file query-v2.cif (mmCIF, C-alpha atoms)
data_run
loop_
_atom_site.label_atom_id
_atom_site.label_comp_id
_atom_site.auth_asym_id
_atom_site.auth_seq_id
_atom_site.Cartn_x
_atom_site.Cartn_y
_atom_site.Cartn_z
CA MET O 13 -85.70 -63.67 -103.64
CA THR O 14 -84.05 -64.17 -107.02
CA ALA O 15 -80.96 -65.81 -105.52
CA ILE O 16 -83.05 -68.26 -103.48
CA ALA O 17 -84.98 -69.19 -106.62
CA LEU O 18 -81.75 -69.72 -108.57
CA PHE O 19 -80.38 -72.03 -105.86
CA LYS O 20 -83.58 -74.07 -105.96
CA ARG O 21 -84.31 -74.13 -109.70
CA VAL O 22 -80.99 -74.16 -111.58
CA ASP O 23 -79.92 -77.81 -111.47
CA ARG O 24 -76.28 -77.46 -112.53
CA PRO O 25 -73.22 -75.60 -111.17
CA PHE O 26 -73.03 -71.87 -111.82
CA HIS O 27 -71.17 -68.80 -110.60
CA LEU O 28 -73.29 -66.09 -108.95
CA ILE O 29 -72.10 -62.59 -108.09
CA MET O 30 -74.43 -60.35 -106.09
CA PHE O 31 -73.62 -56.65 -106.41
CA ASP O 32 -74.92 -54.18 -103.84
CA PRO O 33 -73.06 -51.08 -102.62
CA ARG O 34 -75.27 -50.86 -99.52
CA ALA O 35 -74.17 -52.48 -96.29
CA LYS O 36 -77.70 -53.73 -95.53
CA ILE O 37 -80.60 -54.86 -97.68
CA ASP O 38 -84.07 -54.15 -96.29
CA ILE O 39 -86.67 -56.63 -97.42
CA GLY O 40 -90.25 -55.41 -97.31
CA GLU O 41 -93.29 -54.70 -99.43
CA GLY O 42 -91.90 -53.07 -102.55
CA ILE O 43 -88.45 -54.15 -101.25
CA SER O 44 -87.16 -50.61 -100.60
CA GLN O 45 -89.24 -49.91 -97.52
CA PRO O 46 -87.69 -49.79 -94.04
CA ALA O 47 -87.64 -53.13 -92.26
CA SER O 48 -90.00 -51.88 -89.54
CA THR O 49 -92.81 -51.42 -92.04
CA VAL O 50 -95.76 -53.77 -91.60
CA LEU O 51 -96.14 -55.77 -94.80
CA THR O 52 -99.45 -55.59 -96.62
CA SER O 53 -99.45 -59.27 -97.55
CA ARG O 54 -100.67 -61.81 -95.00
CA VAL O 55 -98.54 -64.52 -93.40
CA ARG O 56 -100.22 -67.15 -95.56
CA ASP O 57 -98.93 -65.41 -98.73
CA LEU O 58 -95.30 -64.80 -97.73
CA SER O 59 -93.47 -68.07 -98.33
CA VAL O 60 -90.29 -67.75 -100.38
CA ASP O 61 -91.05 -71.09 -102.05
CA PRO O 62 -94.26 -71.41 -104.11
CA GLU O 63 -94.17 -75.18 -103.58
CA LEU O 64 -94.23 -74.71 -99.79
CA PRO O 65 -96.99 -72.13 -99.24
CA ASP O 66 -97.10 -72.73 -95.46
CA ASP O 67 -93.35 -72.33 -94.98
CA PHE O 68 -93.41 -68.85 -93.45
CA ARG O 69 -96.28 -69.70 -91.11
CA ARG O 70 -94.48 -72.83 -89.90
CA TRP O 71 -91.29 -70.82 -89.38
CA LEU O 72 -93.18 -68.28 -87.26
CA GLU O 73 -94.79 -70.99 -85.16
CA THR O 74 -91.50 -72.77 -84.48
CA ASN O 75 -89.32 -69.69 -84.02
CA GLY O 76 -89.75 -68.86 -80.33
CA SER O 77 -87.81 -65.59 -80.56
CA TRP O 78 -90.80 -63.96 -82.24
CA ASP O 79 -93.40 -64.96 -79.64
CA ASP O 80 -93.30 -61.53 -78.02
CA ARG O 81 -93.24 -59.54 -81.25
CA PRO O 82 -96.34 -57.61 -82.38
CA ILE O 83 -98.31 -59.88 -84.71
CA SER O 84 -101.93 -59.12 -85.54
CA ASP O 85 -103.51 -62.54 -85.07
CA ARG O 86 -107.15 -61.99 -84.23
CA ALA O 87 -108.22 -64.16 -87.17
CA GLY O 88 -105.38 -66.68 -86.80
CA ILE O 89 -101.69 -66.51 -87.58
CA GLU O 90 -102.17 -67.31 -91.28
CA HIS O 91 -104.32 -64.18 -91.60
CA ALA O 92 -101.88 -61.98 -89.66
CA PHE O 93 -99.67 -59.14 -90.89
CA VAL O 94 -96.07 -58.95 -89.70
CA SER O 95 -93.30 -56.39 -89.83
CA GLY O 96 -90.64 -56.30 -92.50
CA GLU O 97 -88.11 -56.99 -89.73
CA ILE O 98 -89.63 -60.41 -89.02
CA PHE O 99 -90.01 -61.26 -92.69
CA SER O 100 -86.46 -60.12 -93.45
CA THR O 101 -85.07 -62.46 -90.79
CA TYR O 102 -87.01 -65.36 -92.31
CA VAL O 103 -85.82 -64.56 -95.84
CA TYR O 104 -82.16 -64.35 -94.81
CA LYS O 105 -82.52 -67.65 -92.94
CA ARG O 106 -83.92 -69.37 -96.03
CA PHE O 107 -81.24 -67.71 -98.20
CA SER O 108 -78.51 -69.09 -95.93
CA GLU O 109 -80.04 -72.57 -95.99
CA ALA O 110 -80.46 -72.56 -99.76
CA LEU O 111 -76.87 -71.39 -100.22
CA THR O 112 -75.52 -74.07 -97.87
CA SER O 113 -77.42 -76.75 -99.79
CA ARG O 114 -75.59 -75.84 -103.03
CA PRO O 115 -71.85 -76.47 -102.52
CA ASP O 116 -71.56 -76.73 -106.31
CA VAL O 117 -72.46 -73.04 -106.72
CA VAL O 118 -69.81 -70.36 -106.38
CA VAL O 119 -71.27 -67.22 -104.75
CA GLN O 120 -69.54 -63.87 -104.33
CA PHE O 121 -70.83 -60.70 -102.68
CA ALA O 122 -69.48 -57.45 -104.11
CA SER O 123 -69.92 -53.87 -102.91
CA ASP O 124 -69.09 -52.42 -106.34
CA ALA O 125 -71.69 -50.10 -107.84
CA VAL O 126 -72.79 -51.41 -111.24
CA THR O 127 -72.92 -48.44 -113.59
CA ALA O 128 -73.90 -49.97 -116.94
CA VAL O 129 -74.92 -53.15 -118.75
CA ASP O 130 -74.31 -53.71 -122.47
CA ARG O 131 -73.88 -56.54 -124.95
CA HIS O 132 -70.56 -58.33 -124.74
CA LEU O 133 -68.55 -58.99 -127.88
CA ASP O 134 -68.22 -62.65 -126.89
CA ARG O 135 -71.95 -63.15 -126.35
CA GLY O 136 -73.71 -62.46 -123.05
CA TYR O 137 -73.49 -59.17 -121.20
CA SER O 138 -70.77 -56.73 -120.25
CA VAL O 139 -71.29 -55.30 -116.76
CA SER O 140 -69.43 -52.07 -115.98
CA LEU O 141 -68.26 -51.46 -112.43
CA GLY O 142 -66.63 -48.12 -113.09
CA ALA O 143 -64.64 -46.30 -115.71
CA GLU O 144 -62.14 -49.15 -116.19
CA GLN O 145 -63.67 -52.33 -114.74
CA HIS O 146 -65.80 -54.66 -116.85
CA ALA O 147 -67.02 -58.21 -116.33
CA ARG O 148 -68.75 -60.68 -118.62
CA PHE O 149 -71.92 -62.52 -117.58
CA ASP O 150 -74.25 -64.93 -119.34
CA ALA O 151 -77.29 -63.65 -117.44
CA VAL O 152 -78.08 -60.46 -115.55
CA PHE O 153 -80.89 -59.85 -113.08
CA LEU O 154 -81.73 -56.22 -112.36
CA ALA O 155 -83.27 -56.46 -108.88
CA THR O 156 -83.10 -52.88 -107.65
CA GLY O 157 -86.61 -52.84 -106.15
CA SER O 158 -88.16 -49.38 -106.05
CA GLY O 159 -84.83 -47.61 -105.63
CA LEU O 160 -83.55 -45.59 -102.69
CA ARG O 161 -84.95 -42.40 -101.23
CA GLU O 162 -82.46 -39.99 -99.78
CA ASN O 163 -84.58 -39.08 -96.76
CA SER O 164 -86.15 -42.48 -96.09
CA GLY O 165 -84.56 -42.71 -92.66
CA GLU O 166 -85.17 -39.15 -91.42
CA ALA O 167 -86.03 -38.76 -87.75
CA PRO O 168 -87.58 -35.71 -86.06
CA ALA O 169 -85.09 -33.19 -84.72
CA ALA O 170 -85.26 -32.20 -81.08
CA GLY O 171 -88.26 -29.96 -80.50
CA ALA O 172 -89.99 -30.88 -83.77
CA GLN O 173 -93.78 -31.05 -83.40
CA SER O 174 -95.25 -30.91 -86.91
CA ALA O 175 -94.49 -32.91 -90.03
CA VAL O 176 -95.49 -33.08 -93.67
CA VAL O 177 -95.54 -36.52 -95.27
CA ILE O 178 -95.81 -36.42 -99.06
CA GLY O 179 -97.59 -39.33 -100.71
CA GLY O 180 -100.87 -41.20 -100.56
CA GLY O 181 -99.70 -44.80 -100.53
CA ILE O 182 -98.96 -47.51 -97.98
CA ARG O 183 -95.50 -46.20 -97.18
CA ALA O 184 -96.71 -42.63 -96.60
CA VAL O 185 -99.45 -43.80 -94.24
CA ASP O 186 -96.97 -46.02 -92.38
CA ARG O 187 -94.55 -43.12 -91.92
CA ALA O 188 -97.31 -40.78 -90.74
CA LEU O 189 -98.59 -43.28 -88.17
CA GLY O 190 -95.03 -44.05 -87.07
CA LEU O 191 -94.30 -40.37 -86.38
CA LEU O 192 -97.39 -40.09 -84.20
CA ALA O 193 -96.63 -43.36 -82.41
CA ASP O 194 -93.17 -42.07 -81.42
CA ALA O 195 -94.97 -39.24 -79.54
CA LYS O 196 -92.41 -36.75 -80.85
CA ILE O 197 -94.70 -35.36 -83.55
CA SER O 198 -98.15 -34.14 -82.53
CA HIS O 199 -99.53 -33.35 -85.99
CA VAL O 200 -98.91 -34.70 -89.51
CA THR O 201 -100.15 -33.23 -92.76
CA LEU O 202 -100.48 -36.08 -95.25
CA ILE O 203 -100.43 -34.82 -98.85
CA SER O 204 -102.00 -37.10 -101.47
CA GLU O 205 -101.80 -35.79 -105.03
CA SER O 206 -104.89 -37.77 -106.05
CA GLY O 207 -106.72 -37.39 -102.75
CA PHE O 208 -106.98 -41.18 -102.38
CA LEU O 209 -105.59 -43.20 -99.47
CA PRO O 210 -105.20 -46.99 -99.17
CA GLN O 211 -108.32 -49.00 -98.37
CA SER O 212 -108.47 -51.81 -95.82
CA HIS O 213 -107.94 -55.53 -96.11
CA ALA O 214 -110.86 -57.68 -95.00
CA PRO O 215 -110.61 -58.89 -91.36
CA ALA O 216 -109.83 -62.40 -92.60
CA ALA O 217 -108.20 -63.39 -95.86
CA VAL O 218 -110.48 -63.76 -98.85
CA GLY O 219 -109.65 -65.48 -102.10
CA SER O 220 -110.25 -64.35 -105.65
CA VAL O 221 -113.92 -64.06 -106.56
CA VAL O 222 -114.26 -64.41 -110.33
CA THR O 223 -117.70 -64.28 -111.90
CA ASP O 224 -118.72 -66.38 -114.90
CA GLN O 225 -119.62 -63.26 -116.85
CA PRO O 226 -117.08 -62.22 -119.49
CA MET O 227 -115.18 -59.06 -118.64
CA PRO O 228 -115.54 -56.17 -121.12
CA ALA O 229 -112.41 -55.55 -123.14
CA THR O 230 -112.45 -51.76 -122.80
CA LEU O 231 -111.13 -49.72 -119.86
CA ARG O 232 -114.46 -48.02 -119.20
CA GLY O 233 -116.43 -51.24 -119.49
CA ALA O 234 -114.02 -53.23 -117.30
CA PHE O 235 -114.14 -50.78 -114.42
CA ARG O 236 -117.91 -50.42 -114.66
CA PHE O 237 -118.01 -54.22 -114.42
CA LEU O 238 -115.71 -54.12 -111.38
CA ARG O 239 -117.71 -51.40 -109.63
CA GLU O 240 -121.05 -53.16 -110.12
CA ALA O 241 -119.63 -56.50 -108.94
CA ALA O 242 -118.12 -54.87 -105.84
CA GLU O 243 -121.40 -53.13 -105.01
CA ARG O 244 -123.27 -56.44 -105.23
CA ALA O 245 -120.70 -58.13 -103.01
CA ASN O 246 -121.03 -55.40 -100.39
CA LEU O 247 -124.81 -55.72 -100.40
CA GLU O 248 -124.48 -59.49 -99.96
CA GLY O 249 -122.04 -58.98 -97.08
CA SER O 250 -119.06 -60.72 -98.68
CA GLY O 251 -117.10 -57.49 -99.21
CA TRP O 252 -115.44 -55.98 -102.26
CA GLN O 253 -111.92 -57.30 -101.53
CA GLY O 254 -112.57 -60.72 -103.08
CA ILE O 255 -113.98 -59.08 -106.21
CA MET O 256 -110.86 -56.89 -106.46
CA ASN O 257 -108.61 -59.94 -105.99
CA GLY O 258 -110.43 -61.69 -108.82
CA PHE O 259 -110.15 -58.61 -111.02
CA ARG O 260 -106.41 -58.39 -110.32
CA SER O 261 -105.97 -61.99 -111.53
CA ARG O 262 -107.41 -60.93 -114.90
CA ALA O 263 -105.81 -57.50 -115.07
CA ARG O 264 -102.80 -58.58 -117.16
CA ASP O 265 -105.00 -59.98 -119.92
CA LEU O 266 -107.14 -56.84 -119.83
CA TRP O 267 -104.07 -54.61 -120.03
CA ALA O 268 -102.69 -56.50 -123.01
CA GLY O 269 -105.90 -55.81 -124.96
CA LEU O 270 -106.18 -52.09 -124.22
CA THR O 271 -105.38 -49.48 -126.86
CA GLN O 272 -102.53 -47.03 -126.31
CA GLU O 273 -105.11 -44.28 -125.73
CA GLU O 274 -106.88 -46.35 -123.06
CA ARG O 275 -103.59 -47.10 -121.31
CA ALA O 276 -102.81 -43.37 -121.19
CA ARG O 277 -106.30 -42.72 -119.79
CA PHE O 278 -105.73 -45.35 -117.12
CA LYS O 279 -102.55 -43.59 -116.02
CA ARG O 280 -104.25 -40.17 -115.86
CA HIS O 281 -107.61 -41.04 -114.32
CA VAL O 282 -107.80 -44.58 -112.95
CA LYS O 283 -104.42 -45.69 -111.61
CA ALA O 284 -104.61 -43.79 -108.30
CA ILE O 285 -107.95 -45.21 -107.23
CA TYR O 286 -107.02 -48.67 -108.54
CA ASP O 287 -103.81 -48.66 -106.49
CA SER O 288 -105.67 -47.55 -103.36
CA HIS O 289 -107.87 -50.68 -103.59
CA ARG O 290 -105.30 -53.25 -104.72
CA ASN O 291 -102.49 -52.42 -102.24
CA ARG O 292 -104.38 -52.35 -98.95
CA LEU O 293 -103.68 -51.57 -95.31
CA PRO O 294 -103.98 -54.16 -92.53
CA PRO O 295 -107.31 -53.52 -90.76
CA GLU O 296 -105.63 -52.28 -87.55
CA HIS O 297 -103.55 -49.75 -89.48
CA TYR O 298 -106.60 -48.60 -91.42
CA GLN O 299 -108.47 -48.02 -88.16
CA ARG O 300 -105.51 -46.16 -86.65
CA LEU O 301 -105.28 -43.95 -89.73
CA HIS O 302 -108.92 -42.92 -89.65
CA HIS O 303 -108.90 -42.46 -85.89
CA ALA O 304 -105.95 -40.10 -86.29
CA ILE O 305 -107.78 -38.21 -89.05
CA ALA O 306 -110.96 -37.95 -86.95
CA SER O 307 -109.00 -36.70 -83.91
CA GLY O 308 -107.12 -34.10 -85.95
CA ALA O 309 -103.70 -35.69 -85.46
CA ILE O 310 -103.51 -36.25 -89.24
CA THR O 311 -104.78 -33.75 -91.78
CA VAL O 312 -105.16 -35.06 -95.33
CA ARG O 313 -104.64 -32.55 -98.14
CA LYS O 314 -105.16 -33.12 -101.84
CA GLY O 315 -102.66 -31.48 -104.16
CA LYS O 316 -99.15 -31.50 -105.57
CA VAL O 317 -95.94 -30.49 -103.83
CA ASP O 318 -93.93 -28.21 -106.10
CA ARG O 319 -90.94 -27.60 -103.86
CA ILE O 320 -89.54 -28.88 -100.58
CA ALA O 321 -87.70 -26.49 -98.25
CA THR O 322 -86.07 -26.97 -94.87
CA ASN O 323 -89.10 -25.51 -93.09
CA GLY O 324 -91.99 -26.87 -95.16
CA VAL O 325 -93.28 -27.25 -98.70
CA LEU O 326 -94.72 -25.18 -101.53
CA PHE O 327 -98.03 -26.84 -102.24
CA SER O 328 -100.44 -26.58 -105.22
CA ALA O 329 -103.89 -27.07 -103.70
CA PRO O 330 -107.13 -27.03 -105.73
CA THR O 331 -107.59 -23.43 -104.56
CA GLY O 332 -104.06 -22.31 -105.50
CA LEU O 333 -100.51 -22.19 -104.16
CA GLU O 334 -99.92 -22.50 -100.43
CA VAL O 335 -96.91 -22.66 -98.16
CA LEU O 336 -97.22 -25.42 -95.57
CA ALA O 337 -94.80 -24.92 -92.70
CA ALA O 338 -93.45 -28.01 -90.93
CA ASP O 339 -90.56 -28.99 -88.67
CA LEU O 340 -89.99 -32.17 -90.69
CA THR O 341 -90.79 -33.14 -94.29
CA ILE O 342 -90.66 -36.74 -95.53
CA ASP O 343 -91.11 -37.53 -99.22
CA CYS O 344 -92.84 -40.90 -99.74
CA ARG O 345 -94.06 -40.34 -103.28
CA PHE O 346 -93.83 -43.22 -105.70
CA ARG O 347 -90.94 -42.80 -108.08
CA PRO O 348 -90.34 -44.80 -111.24
CA SER O 349 -88.14 -47.73 -110.30
CA GLY O 350 -84.76 -46.23 -110.97
CA VAL O 351 -85.43 -45.89 -114.71
CA ASP O 352 -83.64 -42.55 -114.71
CA SER O 353 -80.57 -44.00 -112.99
CA PRO O 354 -77.40 -44.37 -115.09
CA LEU O 355 -77.61 -48.17 -114.83
CA ILE O 356 -81.13 -48.49 -116.22
CA ARG O 357 -80.52 -45.77 -118.81
CA SER O 358 -77.53 -47.74 -120.08
CA VAL O 359 -79.69 -50.82 -120.64
CA ILE O 360 -82.24 -48.78 -122.58
CA VAL O 361 -79.59 -46.96 -124.65
CA ALA O 362 -77.98 -50.31 -125.50
CA GLY O 363 -81.31 -51.49 -126.92
CA LEU O 364 -81.63 -54.24 -124.33
CA ALA O 365 -84.84 -52.84 -122.82
CA THR O 366 -87.53 -50.22 -123.33
CA ARG O 367 -89.58 -48.18 -120.90
CA ASP O 368 -93.12 -49.38 -120.39
CA GLU O 369 -96.06 -47.31 -121.60
CA LEU O 370 -96.89 -46.01 -118.12
CA GLU O 371 -93.25 -44.90 -117.69
CA LEU O 372 -93.08 -46.71 -114.37
CA GLY O 373 -90.22 -49.02 -115.28
CA ILE O 374 -89.06 -51.48 -117.92
CA ALA O 375 -91.30 -53.45 -120.29
CA VAL O 376 -91.05 -57.14 -119.33
CA ASP O 377 -92.82 -60.45 -119.76
CA GLU O 378 -94.22 -62.42 -116.82
CA CYS O 379 -90.82 -63.94 -116.02
CA GLY O 380 -89.20 -60.51 -115.93
CA ARG O 381 -87.34 -60.81 -119.25
CA THR O 382 -86.86 -57.48 -120.94
CA LYS O 383 -88.93 -57.48 -124.10
CA SER O 384 -86.40 -55.64 -126.25
CA SER O 385 -83.51 -57.97 -125.56
CA MET O 386 -82.43 -60.05 -128.56
CA LEU O 387 -80.33 -62.14 -126.17
CA HIS O 388 -81.35 -64.60 -123.49
CA GLY O 389 -80.82 -63.89 -119.84
CA LEU O 390 -81.59 -60.22 -119.11
CA PHE O 391 -84.28 -59.83 -116.43
CA ALA O 392 -85.81 -56.84 -114.66
CA MET O 393 -87.32 -58.17 -111.45
CA GLY O 394 -90.15 -57.00 -109.22
CA PRO O 395 -91.14 -53.29 -109.21
CA LEU O 396 -88.98 -52.57 -112.27
CA GLY O 397 -91.73 -54.26 -114.32
CA LEU O 398 -94.70 -52.60 -112.64
CA GLY O 399 -95.85 -50.88 -115.82
CA SER O 400 -96.17 -54.27 -117.54
CA LEU O 401 -97.28 -56.50 -114.66
CA PRO O 402 -99.87 -55.22 -112.17
CA ASP O 403 -99.04 -56.16 -108.56
CA ILE O 404 -95.42 -57.08 -109.27
CA ASP O 405 -94.44 -54.75 -106.40
CA LEU O 406 -95.99 -57.19 -103.87
CA VAL O 407 -94.04 -59.97 -102.18
CA PRO O 408 -96.10 -63.00 -103.36
CA GLN O 409 -95.88 -61.88 -106.98
CA ILE O 410 -92.14 -61.21 -106.70
CA VAL O 411 -91.58 -64.71 -105.31
CA SER O 412 -93.59 -66.31 -108.14
CA GLN O 413 -91.74 -64.26 -110.75
CA SER O 414 -88.34 -65.14 -109.29
CA HIS O 415 -89.03 -68.87 -109.51
CA ALA O 416 -90.48 -68.57 -113.01
CA ALA O 417 -87.38 -66.65 -114.14
CA ALA O 418 -85.02 -69.17 -112.52
CA SER O 419 -86.84 -72.10 -114.15
CA LEU O 420 -86.67 -70.41 -117.54
CA LEU O 421 -82.99 -69.65 -117.09
CA SER O 422 -82.26 -73.23 -115.98
CA SER O 423 -83.79 -74.58 -119.17
CA TRP O 424 -81.77 -72.18 -121.29
CA ILE O 425 -78.52 -72.92 -119.42
CA GLY O 426 -79.06 -76.65 -119.95
CA LYS O 427 -79.38 -76.18 -123.69
CA ALA O 428 -76.41 -73.80 -123.87
CA ALA O 429 -74.20 -76.11 -121.77
CA LYS O 430 -74.87 -79.00 -124.16
CA GLU O 431 -73.91 -76.82 -127.11
CA ASN O 432 -70.88 -75.07 -125.60
CA GLY O 433 -69.82 -77.12 -122.56
CA VAL O 434 -69.42 -74.02 -120.37
CA VAL O 435 -70.37 -73.12 -116.82
CA ARG O 436 -72.67 -70.11 -116.76
CA SER O 437 -72.06 -66.94 -114.78
CA LEU O 438 -74.89 -64.82 -113.32
#
call {"tool": "encode", "arguments": {"input": "query-v2.cif", "output": "structure tokens"}}
result
Amino acid sequence: MTAIALFKRVDRPFHLIMFDPRAKIDIGEGISQPASTVLTSRVRDLSVDPELPDDFRRWLETNGSWDDRPISDRAGIEHAFVSGEIFSTYVYKRFSEALTSRPDVVVQFASDAVTAVDRHLDRGYSVSLGAEQHARFDAVFLATGSGLRENSGEAPAAGAQSAVVIGGGIRAVDRALGLLADAKISHVTLISESGFLPQSHAPAAVGSVVTDQPMPATLRGAFRFLREAAERANLEGSGWQGIMNGFRSRARDLWAGLTQEERARFKRHVKAIYDSHRNRLPPEHYQRLHHAIASGAITVRKGKVDRIATNGVLFSAPTGLEVLAADLTIDCRFRPSGVDSPLIRSVIVAGLATRDELELGIAVDECGRTKSSMLHGLFAMGPLGLGSLPDIDLVPQIVSQSHAAASLLSSWIGKAAKENGVVRSL
């Protein structure tokens, strides 16, 4: 996403190096999910170019190879949800086209693992690729998504019949439903630490419903306001989803005005239920989930997993410790976006970034710039900024941020080039 935005927004030659030690990049909601995952944003919201909002829909309609793929289109293709596989193909196509259109840009792909980022003595940033290798860059984009999970691709062993899926979010539900759909697993225990599971999207897309009433500036008042507005919408038949969308559009301003105590209270008591309503399941998946729960194919347990073993998990339930036996265990819990990795730790130790107050990632502004950096050109993209920017783990928000960051960088490069007469490296 970031590279496409750079090709489109930076109006002068530059040198781009893309580092990734993995052989394949999966593009999906939250970026790190498997490509088969159904995205939780609709077709109408998935264009890689904010100036061409219908681009993805037009690509789907003209790309005949996807005619036989599963697309939920009861309300029309613009309201449909598609798999990460389809979206990934579209993104790579647009990446290739954007790259071809910029013969003045030098692009390299490197499989080196970046281990650290620090200030460079000659301005810019020093990027470490190992104990001995270092390279200088004028701008660095940390675009690691939500990080990698070691067991994200686990498949049931022969004879496996039961599974434990740990987590209460979109990815956990998707994995649980996928195991049942493969007909190899007959029962899944879905463990949600908060007890909440994702809610459903409306059958057809709804916009943001914003009332004229001023929103209270306190956490308690704001969520009372949200709850009352959603209840009224449900009584009127318009549904709560539009109210939540409108609330999300004002969430960043609300967050900026909260006290440190209120932000800590949000993390402890509100975040789980807020996430279950903001990051929603496609209606068909929601129905499949609750049908599986009603039939007994999925059992939902509230509690915390203390330890994972080869034959199950040690589980802290409200009534005490339990051992849940299972043939397969898959951990889909949200993890802070690689903040504890050596790379991100190096940026924090160097004073180029700080952790956000929710300890979910790095504190950033709306363009993704790290707030602690005294230099231009250090960005933490997408889910890395989730503690500062609500919804920045969703594809539409990542696209908007990428283009905003590229525009900001283009302006800065123009000024720097006039002063120094140098070609910038990214």
call {"tool": "residues_around", "arguments": {"input": "query-v2.cif", "residues": "O:Val177", "least_positions_apart": "2", "cutoff": "6 Å", "atoms": "all atoms listed in the file", "output": "list in words"}}
result
Leu202, Thr341 and Ile342 of chain O
call {"tool": "atom_distance", "arguments": {"input": "query-v2.cif", "atom1": "atom CA of O:Gly181", "atom2": "atom CA of O:Arg345"}}
result
7.7 Å
call {"tool": "atom_distance", "arguments": {"input": "query-v2.cif", "atom1": "atom CA of O:Pro354", "atom2": "atom CA of O:Val129"}}
result
9.8 Å
call {"tool": "residues_around", "arguments": {"input": "query-v2.cif", "residues": "O:Pro226", "least_positions_apart": "2", "cutoff": "12 Å", "atoms": "only C-alpha atoms", "output": "ChimeraX atom specification"}}
result
/O:222-224,228-230,233-234,237-238,259,262,266
call {"tool": "atom_distance", "arguments": {"input": "query-v2.cif", "atom1": "atom CA of O:Ala321", "atom2": "atom CA of O:Asp339"}}
result
10.3 Å
call {"tool": "residues_around", "arguments": {"input": "query-v2.cif", "residues": "stretch 292-301 of chain O", "least_positions_apart": "3", "cutoff": "7 Å", "atoms": "all atoms listed in the file", "output": "PDB file with C-alpha atoms, keeping the file's coordinate frame"}}
result
ATOM      1  CA  THR O  52     -99.450 -55.590 -96.620  1.00  0.00           C
ATOM      2  CA  PHE O  93     -99.670 -59.140 -90.890  1.00  0.00           C
ATOM      3  CA  ILE O 182     -98.960 -47.510 -97.980  1.00  0.00           C
ATOM      4  CA  LEU O 189     -98.590 -43.280 -88.170  1.00  0.00           C
ATOM      5  CA  PRO O 210    -105.200 -46.990 -99.170  1.00  0.00           C
ATOM      6  CA  GLN O 211    -108.320 -49.000 -98.370  1.00  0.00           C
ATOM      7  CA  SER O 212    -108.470 -51.810 -95.820  1.00  0.00           C
ATOM      8  CA  HIS O 213    -107.940 -55.530 -96.110  1.00  0.00           C
ATOM      9  CA  ALA O 214    -110.860 -57.680 -95.000  1.00  0.00           C
ATOM     10  CA  PRO O 215    -110.610 -58.890 -91.360  1.00  0.00           C
ATOM     11  CA  SER O 288    -105.670 -47.550-103.360  1.00  0.00           C
ATOM     12  CA  HIS O 289    -107.870 -50.680-103.590  1.00  0.00           C
ATOM     13  CA  ALA O 304    -105.950 -40.100 -86.290  1.00  0.00           C
ATOM     14  CA  ILE O 305    -107.780 -38.210 -89.050  1.00  0.00           C
TER      15      ILE O 305
END
call {"tool": "residues_around", "arguments": {"input": "query-v2.cif", "residues": "O:Ser423", "least_positions_apart": "6", "cutoff": "12 Å", "atoms": "only C-alpha atoms", "output": "list of chain:residue names"}}
result
O:Leu18, O:Arg21, O:Val22, O:Asp23, O:Arg24, O:His388, O:Gly389, O:Ala416, O:Ala417, O:Ala429, O:Lys430
call {"tool": "residues_around", "arguments": {"input": "query-v2.cif", "residues": "O:Val152", "least_positions_apart": "3", "cutoff": "9 Å", "atoms": "all atoms listed in the file", "output": "PyMOL selection string"}}
result
chain O and resi 129+136-137+139+149+389-392+437-438
call {"tool": "resolve_selection", "arguments": {"input": "query-v2.cif", "expression": "the PyMOL selection byres ((chain O and resi 183) around 10)", "output": "list in words"}}
result
Glu41, Gly42, Gln45, Pro46, Thr49, Val50, Leu51, Val177, Ile178, Gly179, Gly180, Gly181, Ile182, Ala184, Val185, Asp186, Arg187, Ala188, Leu189, Pro210, Leu293, Asp343, Cys344, Arg345 and Phe346 of chain O
call {"tool": "write_last_selection", "arguments": {"input": "query-v2.cif", "atoms": "C-alpha atoms", "output": "short mmCIF file (atom, residue, chain, number, x, y, z; two decimals), in the frame of the given file"}}
result
data_model
loop_
_atom_site.label_atom_id
_atom_site.label_comp_id
_atom_site.auth_asym_id
_atom_site.auth_seq_id
_atom_site.Cartn_x
_atom_site.Cartn_y
_atom_site.Cartn_z
CA GLU O 41 -93.29 -54.70 -99.43
CA GLY O 42 -91.90 -53.07 -102.55
CA GLN O 45 -89.24 -49.91 -97.52
CA PRO O 46 -87.69 -49.79 -94.04
CA THR O 49 -92.81 -51.42 -92.04
CA VAL O 50 -95.76 -53.77 -91.60
CA LEU O 51 -96.14 -55.77 -94.80
CA VAL O 177 -95.54 -36.52 -95.27
CA ILE O 178 -95.81 -36.42 -99.06
CA GLY O 179 -97.59 -39.33 -100.71
CA GLY O 180 -100.87 -41.20 -100.56
CA GLY O 181 -99.70 -44.80 -100.53
CA ILE O 182 -98.96 -47.51 -97.98
CA ALA O 184 -96.71 -42.63 -96.60
CA VAL O 185 -99.45 -43.80 -94.24
CA ASP O 186 -96.97 -46.02 -92.38
CA ARG O 187 -94.55 -43.12 -91.92
CA ALA O 188 -97.31 -40.78 -90.74
CA LEU O 189 -98.59 -43.28 -88.17
CA PRO O 210 -105.20 -46.99 -99.17
CA LEU O 293 -103.68 -51.57 -95.31
CA ASP O 343 -91.11 -37.53 -99.22
CA CYS O 344 -92.84 -40.90 -99.74
CA ARG O 345 -94.06 -40.34 -103.28
CA PHE O 346 -93.83 -43.22 -105.70
#
call {"tool": "closest_residue", "arguments": {"input": "query-v2.cif", "among": "O:Ala15, O:Val282, O:Glu73, O:Ile203", "to": "O:Leu326", "atoms": "all atoms listed in the file"}}
result
O:Ile203
call {"tool": "closest_residue", "arguments": {"input": "query-v2.cif", "among": "O:Lys383, O:Ile320, O:Val117, O:Asp377", "to": "O:Gly363", "atoms": "all atoms listed in the file"}}
result
O:Lys383
